[in-house]
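Undergrad: Supplied structure: coords-v6.csv, CSV, C-alpha atoms.
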chain,number,residue,atom,x,y,z
A,11,LYS,CA,42.5,130.6,122.3
A,12,THR,CA,45.9,130.8,120.6
A,13,ALA,CA,47.8,127.6,120.4
A,14,LYS,CA,51.3,127.4,121.8
A,15,LYS,CA,52.2,124.9,119.1
A,16,PRO,CA,50.8,125.6,115.7
A,17,PHE,CA,49.2,123.2,113.3
A,18,PHE,CA,51.3,123.0,110.1
A,19,ILE,CA,49.4,123.1,106.8
A,20,GLU,CA,51.6,121.0,104.5
A,21,ASN,CA,49.9,122.1,101.2
A,22,ILE,CA,50.7,125.8,101.6
A,23,SER,CA,53.5,125.5,104.2
A,24,THR,CA,51.7,127.7,106.7
A,25,ASN,CA,51.1,127.5,110.5
A,26,LEU,CA,47.7,127.9,112.1
A,27,TYR,CA,47.3,129.1,115.7
A,28,SER,CA,43.6,129.3,116.3
A,29,ILE,CA,40.3,127.9,115.2
A,30,GLU,CA,39.5,131.2,113.5
A,31,GLU,CA,42.6,130.7,111.3
A,32,LEU,CA,41.5,127.1,110.6
A,33,CYS,CA,38.1,128.3,109.5
A,34,TYR,CA,39.6,130.9,107.2
A,35,TYR,CA,41.9,128.3,105.6
A,36,LEU,CA,39.0,125.8,105.1
A,37,TYR,CA,36.6,128.5,103.7
A,38,HIS,CA,39.1,129.8,101.2
A,39,ASN,CA,40.8,126.5,100.2
A,40,LEU,CA,38.0,123.9,99.8
A,41,TYR,CA,40.0,122.1,97.0
A,42,LEU,CA,43.0,121.8,99.4
A,43,ILE,CA,41.1,119.8,102.0
A,44,ASP,CA,42.6,116.4,101.7
A,45,GLN,CA,44.5,113.8,103.9
A,46,THR,CA,47.2,116.3,104.7
A,47,ILE,CA,44.7,118.1,106.9
A,48,MET,CA,42.0,115.6,107.5
A,49,ASN,CA,44.0,113.4,109.8
A,50,GLU,CA,44.5,112.5,113.5
A,51,GLY,CA,47.1,115.3,113.8
A,52,LEU,CA,44.4,117.9,113.3
A,53,CYS,CA,42.2,116.3,115.9
A,54,SER,CA,44.9,116.1,118.5
A,55,TRP,CA,45.9,119.7,117.9
A,56,ILE,CA,42.2,120.8,118.3
A,57,GLN,CA,41.9,118.7,121.5
A,58,GLU,CA,45.2,119.6,123.1
A,59,GLU,CA,46.2,123.0,121.8
A,60,LEU,CA,42.7,124.6,121.4
A,61,GLU,CA,41.2,122.7,124.3
A,62,LEU,CA,38.1,121.7,122.3
A,63,PRO,CA,37.8,117.9,123.0
A,64,ALA,CA,34.1,117.7,121.8
A,65,LEU,CA,35.0,119.1,118.4
A,66,ALA,CA,38.0,116.8,118.1
A,67,ALA,CA,35.8,113.8,118.9
A,68,LYS,CA,33.3,114.9,116.1
A,69,LEU,CA,36.1,115.2,113.6
A,70,ARG,CA,37.6,111.9,114.6
A,71,SER,CA,34.4,110.0,113.8
A,72,LYS,CA,34.3,111.7,110.3
A,73,ILE,CA,37.9,111.4,109.4
A,74,SER,CA,38.0,107.7,110.3
A,75,LYS,CA,35.4,107.1,107.6
A,76,PHE,CA,37.4,109.1,105.0
A,77,ALA,CA,34.5,111.5,104.9
A,78,SER,CA,34.1,114.3,102.4
A,79,ALA,CA,35.1,118.0,102.8
A,80,GLU,CA,31.8,119.1,104.2
A,81,ASP,CA,32.0,116.6,107.0
A,82,ILE,CA,35.0,118.5,108.4
A,83,VAL,CA,34.1,122.1,107.5
A,84,TYR,CA,30.6,122.2,109.0
A,85,PRO,CA,31.6,121.1,112.5
A,86,VAL,CA,34.5,123.5,112.6
A,87,PHE,CA,32.5,126.4,111.4
A,88,LYS,CA,29.6,125.7,113.7
A,89,GLU,CA,32.0,125.6,116.7
A,90,ILE,CA,32.3,129.4,116.6
A,91,ASN,CA,29.5,130.3,114.2
A,92,TYR,CA,32.1,131.5,111.8
A,93,LEU,CA,29.8,132.1,108.8
A,94,THR,CA,26.9,134.4,108.3
A,95,TYR,CA,23.7,133.0,106.9
A,96,GLU,CA,24.5,134.3,103.4
A,97,GLU,CA,28.1,132.9,103.6
A,98,LEU,CA,26.7,129.6,104.6
A,99,LYS,CA,24.4,129.5,101.6
A,100,GLU,CA,27.2,130.4,99.3
A,101,LEU,CA,29.4,127.7,100.9
A,102,ASN,CA,26.7,125.1,100.3
A,103,VAL,CA,26.6,126.0,96.6
A,104,ARG,CA,30.4,125.7,96.3
A,105,LEU,CA,30.4,122.4,98.0
A,106,GLN,CA,27.6,121.0,95.9
A,107,LYS,CA,29.4,122.2,92.7
A,108,MET,CA,32.6,120.5,93.9
A,109,ASN,CA,30.9,117.3,94.7
A,110,GLU,CA,29.4,117.2,91.2
A,111,GLU,CA,32.8,117.6,89.5
A,112,THR,CA,34.9,114.7,88.3
A,113,PRO,CA,38.1,113.7,90.2
A,114,ALA,CA,40.2,115.1,87.4
A,115,MET,CA,38.5,118.5,87.6
A,116,ARG,CA,38.9,118.6,91.3
A,117,GLU,CA,42.6,117.9,90.9
A,118,LYS,CA,42.9,120.8,88.5
A,119,GLN,CA,41.1,123.1,90.9
A,120,LYS,CA,43.5,121.9,93.6
A,121,ALA,CA,46.5,122.7,91.4
A,122,ASP,CA,45.0,126.1,90.7
A,123,ALA,CA,44.5,126.7,94.4
A,124,LEU,CA,48.2,125.8,95.0
A,125,MET,CA,49.1,128.3,92.3
A,126,GLU,CA,47.1,131.0,94.0
A,127,ASN,CA,49.0,130.2,97.3
A,128,GLU,CA,52.3,130.4,95.4
A,129,MET,CA,53.1,126.7,96.0
A,130,TYR,CA,54.4,126.3,92.5
A,131,VAL,CA,56.3,123.0,93.0
A,132,HIS,CA,53.3,121.3,94.4
A,133,ALA,CA,51.1,122.7,91.7
A,134,ILE,CA,53.5,121.4,89.0
A,135,GLN,CA,53.3,117.9,90.4
A,136,VAL,CA,49.5,117.9,90.3
A,137,TYR,CA,49.4,119.4,86.7
A,138,GLN,CA,51.9,116.8,85.5
A,139,ASN,CA,49.8,114.0,87.0
A,140,LEU,CA,46.8,115.3,85.2
A,141,LEU,CA,48.6,115.4,81.8
A,142,GLU,CA,49.3,111.7,82.2
A,143,ARG,CA,45.6,111.1,81.7
A,144,GLU,CA,44.2,110.4,78.3
A,145,ASP,CA,40.7,111.6,78.9
A,146,LEU,CA,41.1,115.3,79.8
A,147,GLU,CA,39.3,116.5,76.6
A,148,GLU,CA,36.4,114.1,77.4
A,149,ILE,CA,36.1,115.6,80.8
A,150,ARG,CA,36.0,119.2,79.5
A,151,GLU,CA,36.9,120.6,76.1
A,152,GLY,CA,40.0,122.8,76.2
A,153,MET,CA,41.1,121.4,79.6
A,154,THR,CA,44.5,120.1,78.2
A,155,GLU,CA,45.3,123.6,76.9
A,156,LYS,CA,44.5,125.1,80.3
A,157,VAL,CA,46.6,122.6,82.2
A,158,TYR,CA,49.6,123.2,79.9
A,159,HIS,CA,49.1,127.0,80.2
A,160,ASN,CA,49.0,126.9,84.0
A,161,LEU,CA,51.9,124.5,84.1
A,162,GLY,CA,53.9,126.9,81.9
A,163,CYS,CA,53.0,129.8,84.3
A,164,ALA,CA,54.2,127.7,87.3
A,165,TYR,CA,57.5,127.0,85.6
A,166,SER,CA,57.9,130.7,84.7
A,167,TYR,CA,57.4,131.7,88.3
A,168,LEU,CA,60.3,129.4,89.2
A,169,PHE,CA,62.3,130.9,86.3
A,170,GLN,CA,62.5,127.6,84.5
A,171,MET,CA,61.8,129.3,81.2
A,172,GLU,CA,62.7,126.5,78.8
A,173,LYS,CA,60.1,124.3,80.4
A,174,ALA,CA,57.7,127.2,80.4
A,175,VAL,CA,58.1,127.8,76.7
A,176,GLU,CA,57.6,124.2,75.9
A,177,CYS,CA,54.3,124.1,77.9
A,178,PHE,CA,53.1,127.3,76.2
A,179,ARG,CA,53.9,125.7,72.8
A,180,ARG,CA,51.9,122.6,73.7
A,181,ALA,CA,49.0,124.7,74.9
A,182,TYR,CA,49.0,126.6,71.6
A,183,GLU,CA,49.3,123.5,69.4
A,184,GLY,CA,46.5,121.9,71.2
A,185,SER,CA,44.1,124.8,70.8
A,186,ARG,CA,45.4,127.1,68.1
A,187,SER,CA,43.6,129.9,70.0
A,188,ARG,CA,44.9,133.5,69.8
A,189,LYS,CA,45.4,133.8,73.5
A,190,ALA,CA,47.5,130.7,73.6
A,191,LEU,CA,49.5,132.0,70.6
A,192,GLU,CA,50.2,135.3,72.2
A,193,THR,CA,51.3,133.7,75.4
A,194,TYR,CA,53.7,131.3,73.5
A,195,LEU,CA,55.2,134.1,71.5
A,196,LEU,CA,55.7,136.3,74.6
A,197,ALA,CA,57.6,133.5,76.2
A,198,VAL,CA,59.7,132.9,73.1
A,199,GLY,CA,60.3,136.7,72.9
A,200,VAL,CA,61.9,136.9,76.3
A,201,THR,CA,63.9,133.6,76.1
A,202,ARG,CA,65.2,133.6,72.5
A,203,THR,CA,67.2,135.9,70.3
A,204,PRO,CA,65.4,138.4,68.0
A,205,ALA,CA,66.3,136.2,65.0
A,206,GLU,CA,65.0,133.0,66.6
A,207,TYR,CA,61.8,134.9,67.6
A,208,GLN,CA,61.3,136.0,64.0
A,209,SER,CA,61.9,132.5,62.8
A,210,VAL,CA,59.1,131.2,65.0
A,211,VAL,CA,56.8,134.0,63.8
A,212,ARG,CA,57.4,133.1,60.1
A,213,ARG,CA,57.0,129.4,60.7
A,214,LEU,CA,53.6,130.0,62.4
A,215,GLY,CA,52.5,132.6,59.9
A,216,VAL,CA,51.5,135.1,62.7
A,217,GLU,CA,49.3,138.0,61.6
A,218,LYS,CA,50.5,141.5,61.9
A,219,GLU,CA,47.7,142.5,64.3
A,220,VAL,CA,48.8,139.7,66.7
A,221,LEU,CA,52.5,140.8,66.5
A,222,GLN,CA,51.5,144.4,67.2
A,223,ASP,CA,49.5,143.4,70.3
A,224,ILE,CA,52.5,141.4,71.6
A,225,LYS,CA,54.9,144.3,70.9
Show this structure as structure tokens.

TA:
Amino acid sequence: KTAKKPFFIENISTNLYSIEELCYYLYHNLYLIDQTIMNEGLCSWIQEELELPALAAKLRSKISKFASAEDIVYPVFKEINYLTYEELKELNVRLQKMNEETPAMREKQKADALMENEMYVHAIQVYQNLLEREDLEEIREGMTEKVYHNLGCAYSYLFQMEKAVECFRRAYEGSRSRKALETYLLAVGVTRTPAEYQSVVRRLGVEKEVLQDIK
């Protein structure tokens, strides 16, 4: 059944019109399953627009207890046998992995998922919140660099290049990796004059091989 009134997915600013589309969204965006979708609005839409009152009742009992992601995905998938046996096994592995991750790691994965959906402003907000924490390196070594790198990418997609350059600089200073250096210099190269670029190159003592790769 196709709904006359769609369900609006706030995270990625998209309308859903059927249970198949809902299944597709849940399957491909596990890290975006939060209170913006696990709410009474979803239950009402399923009951009234899709005419699936039994499924709506199941979800209401789960949502009222602030249940985890699997408590919403399994009943929805089962309603139309959306997944094959192999896909269900793969989903179980993904959910188990997600449940074992720290809240901070799940937030990073959420921001990464927003980036994949081109929701850069929302992703920036999540990355910025992560950088306010003081335990990112305790959670996973190199995580700070990755967050700064992805934040820089998000800013660059919005053409906020000054902020992007600053993020790439912070990513490099935190890791001193060659990949981070190349990204930083590429950003400097497209936002600064040739003289300013050369000044940064001299200050950092960049090797000729790196400069050749960037060129």

Undergrad: Could you name the residues that touch Cys33 (chain A) at 9 Å or less, counting only C-alpha atoms, but leaving out those on the same chain fewer than 3 positions away, as a PyMOL selection string?

TA: chain A and resi 28-30+36-38+83+86-87+92

Undergrad: Selection from above, C-alpha atoms, as a short mmCIF file (atom, residue, chain, number, x, y, z; two decimals), keeping the file's coordinate frame, can you write it?

TA:
data_model
loop_
_atom_site.label_atom_id
_atom_site.label_comp_id
_atom_site.auth_asym_id
_atom_site.auth_seq_id
_atom_site.Cartn_x
_atom_site.Cartn_y
_atom_site.Cartn_z
CA SER A 28 43.60 129.30 116.30
CA ILE A 29 40.30 127.90 115.20
CA GLU A 30 39.50 131.20 113.50
CA LEU A 36 39.00 125.80 105.10
CA TYR A 37 36.60 128.50 103.70
CA HIS A 38 39.10 129.80 101.20
CA VAL A 83 34.10 122.10 107.50
CA VAL A 86 34.50 123.50 112.60
CA PHE A 87 32.50 126.40 111.40
CA TYR A 92 32.10 131.50 111.80
#

Undergrad: Applying 12 Å and all atoms listed in the file, which residues near region 166-168 of chain A remain after dropping the ones on its own chain fewer than 2 positions away? List them as an NGL selection string.

TA: :A and (125-126 or 128-134 or 159-164 or 170-178 or 193-194 or 196-198 or 200-201)

Undergrad: Using C-alpha atoms, can you export the residues from the last selection as a PDB file, in the frame of the given file?

TA:
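Ended up saving to out-v1.pdb:
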ATOM      1  CA  MET A 125      49.100 128.300  92.300  1.00  0.00           C
ATOM      2  CA  GLU A 126      47.100 131.000  94.000  1.00  0.00           C
ATOM      3  CA  GLU A 128      52.300 130.400  95.400  1.00  0.00           C
ATOM      4  CA  MET A 129      53.100 126.700  96.000  1.00  0.00           C
ATOM      5  CA  TYR A 130      54.400 126.300  92.500  1.00  0.00           C
ATOM      6  CA  VAL A 131      56.300 123.000  93.000  1.00  0.00           C
ATOM      7  CA  HIS A 132      53.300 121.300  94.400  1.00  0.00           C
ATOM      8  CA  ALA A 133      51.100 122.700  91.700  1.00  0.00           C
ATOM      9  CA  ILE A 134      53.500 121.400  89.000  1.00  0.00           C
ATOM     10  CA  HIS A 159      49.100 127.000  80.200  1.00  0.00           C
ATOM     11  CA  ASN A 160      49.000 126.900  84.000  1.00  0.00           C
ATOM     12  CA  LEU A 161      51.900 124.500  84.100  1.00  0.00           C
ATOM     13  CA  GLY A 162      53.900 126.900  81.900  1.00  0.00           C
ATOM     14  CA  CYS A 163      53.000 129.800  84.300  1.00  0.00           C
ATOM     15  CA  ALA A 164      54.200 127.700  87.300  1.00  0.00           C
ATOM     16  CA  GLN A 170      62.500 127.600  84.500  1.00  0.00           C
ATOM     17  CA  MET A 171      61.800 129.300  81.200  1.00  0.00           C
ATOM     18  CA  GLU A 172      62.700 126.500  78.800  1.00  0.00           C
ATOM     19  CA  LYS A 173      60.100 124.300  80.400  1.00  0.00           C
ATOM     20  CA  ALA A 174      57.700 127.200  80.400  1.00  0.00           C
ATOM     21  CA  VAL A 175      58.100 127.800  76.700  1.00  0.00           C
ATOM     22  CA  GLU A 176      57.600 124.200  75.900  1.00  0.00           C
ATOM     23  CA  CYS A 177      54.300 124.100  77.900  1.00  0.00           C
ATOM     24  CA  PHE A 178      53.100 127.300  76.200  1.00  0.00           C
ATOM     25  CA  THR A 193      51.300 133.700  75.400  1.00  0.00           C
ATOM     26  CA  TYR A 194      53.700 131.300  73.500  1.00  0.00           C
ATOM     27  CA  LEU A 196      55.700 136.300  74.600  1.00  0.00           C
ATOM     28  CA  ALA A 197      57.600 133.500  76.200  1.00  0.00           C
ATOM     29  CA  VAL A 198      59.700 132.900  73.100  1.00  0.00           C
ATOM     30  CA  VAL A 200      61.900 136.900  76.300  1.00  0.00           C
ATOM     31  CA  THR A 201      63.900 133.600  76.100  1.00  0.00           C
TER      32      THR A 201
END

Undergrad: In Å, how far is it from CA of Asp145 (chain A) to CA of Ser187 (chain A)?

TA: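 Interatomic distance, CA of Asp145 (chain A) to CA of Ser187 (chain A): 20.6 Å.
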
Undergrad: In Å, rounded to a single decimal, give me how far CA of Ile47 (chain A) is from CA of Arg70 (chain A).

TA: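 One can read the CA of Arg70 (chain A) to CA of Ile47 (chain A) distance as 12.2 Å.
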
Undergrad: Would you list the residues near (43.5, 125.1, 72.9), meaning any protein, DNA or RNA residue with an atom at most 12 Å from that point in file coordinates, counting only C-alpha atoms, as a list in words?

TA: Glu147, Arg150, Glu151, Gly152, Met153, Thr154, Glu155, Lys156, Val157, Tyr158, His159, Cys177, Phe178, Arg179, Arg180, Ala181, Tyr182, Glu183, Gly184, Ser185, Arg186, Ser187, Arg188, Lys189, Ala190, Leu191, Thr193 and Tyr194 of chain A

Undergrad: Select, from A:Ser71, A:Val103, A:Leu32, A:Val216, the residue with the minimum atom-to-atom distance to Asn49 (chain A), counting only C-alpha atoms.

TA: A:Ser71

Undergrad: Closest to Glu31 (chain A) among A:Lys11, A:Arg213, A:Lys120, A:Lys107, using all atoms listed in the file?

TA: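 Residue with the minimum atom-to-atom distance to Glu31 (chain A): A:Lys11.
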
Undergrad: Do a neighbour search on region 72-75 of chain A at 7 Å with all atoms listed in the file, toss out local chain neighbours closer than 4 positions, and write the hits as a PyMOL selection string.

TA: chain A and resi 48-49+68+81

Undergrad: What's the separation between CA of Leu141 (chain A) and CA of Glu20 (chain A), in Å to one decimal place?

TA: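 For CA of Leu141 (chain A) relative to CA of Glu20 (chain A), the distance reads 23.6 Å.
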
Undergrad: Find the residue from A:Tyr34, A:Gln119, A:Asn109, A:Asn21 that sits nearest to Ile90 (chain A); use only C-alpha atoms when measuring.

TA: A:Tyr34

Undergrad: Kindly compute an axis-aligned box around the listed atoms of region 204-208 of chain A, allowing 6 Å on each side, and express its centre and edge lengths in Å to one decimal as lines of an AutoDock Vina configuration file.

TA:
center_x = 63.8
center_y = 135.7
center_z = 66.0
size_x = 17.0
size_y = 17.4
size_z = 16.0

Undergrad: Could you check the closest approach to Gln106 (chain A) for each of A:Leu69, A:Leu52, A:Ile43, A:Ala79 and tell me which residue wins, using all atoms listed in the file?

TA: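 Of A:Leu69, A:Leu52, A:Ile43, A:Ala79, the one nearest Gln106 (chain A), counting all atoms listed in the file, is A:Ala79.
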
Undergrad: Please determine the residues with any atom at most 10 Å from (56.3, 144.3, 73.6) (coordinates as given in the file, with only C-alpha atoms counting) and report them as a list in words.

TA: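 Final list of nearby residues, as requested, is Leu196, Gly199, Val200, Leu221, Gln222, Asp223, Ile224 and Lys225 of chain A.
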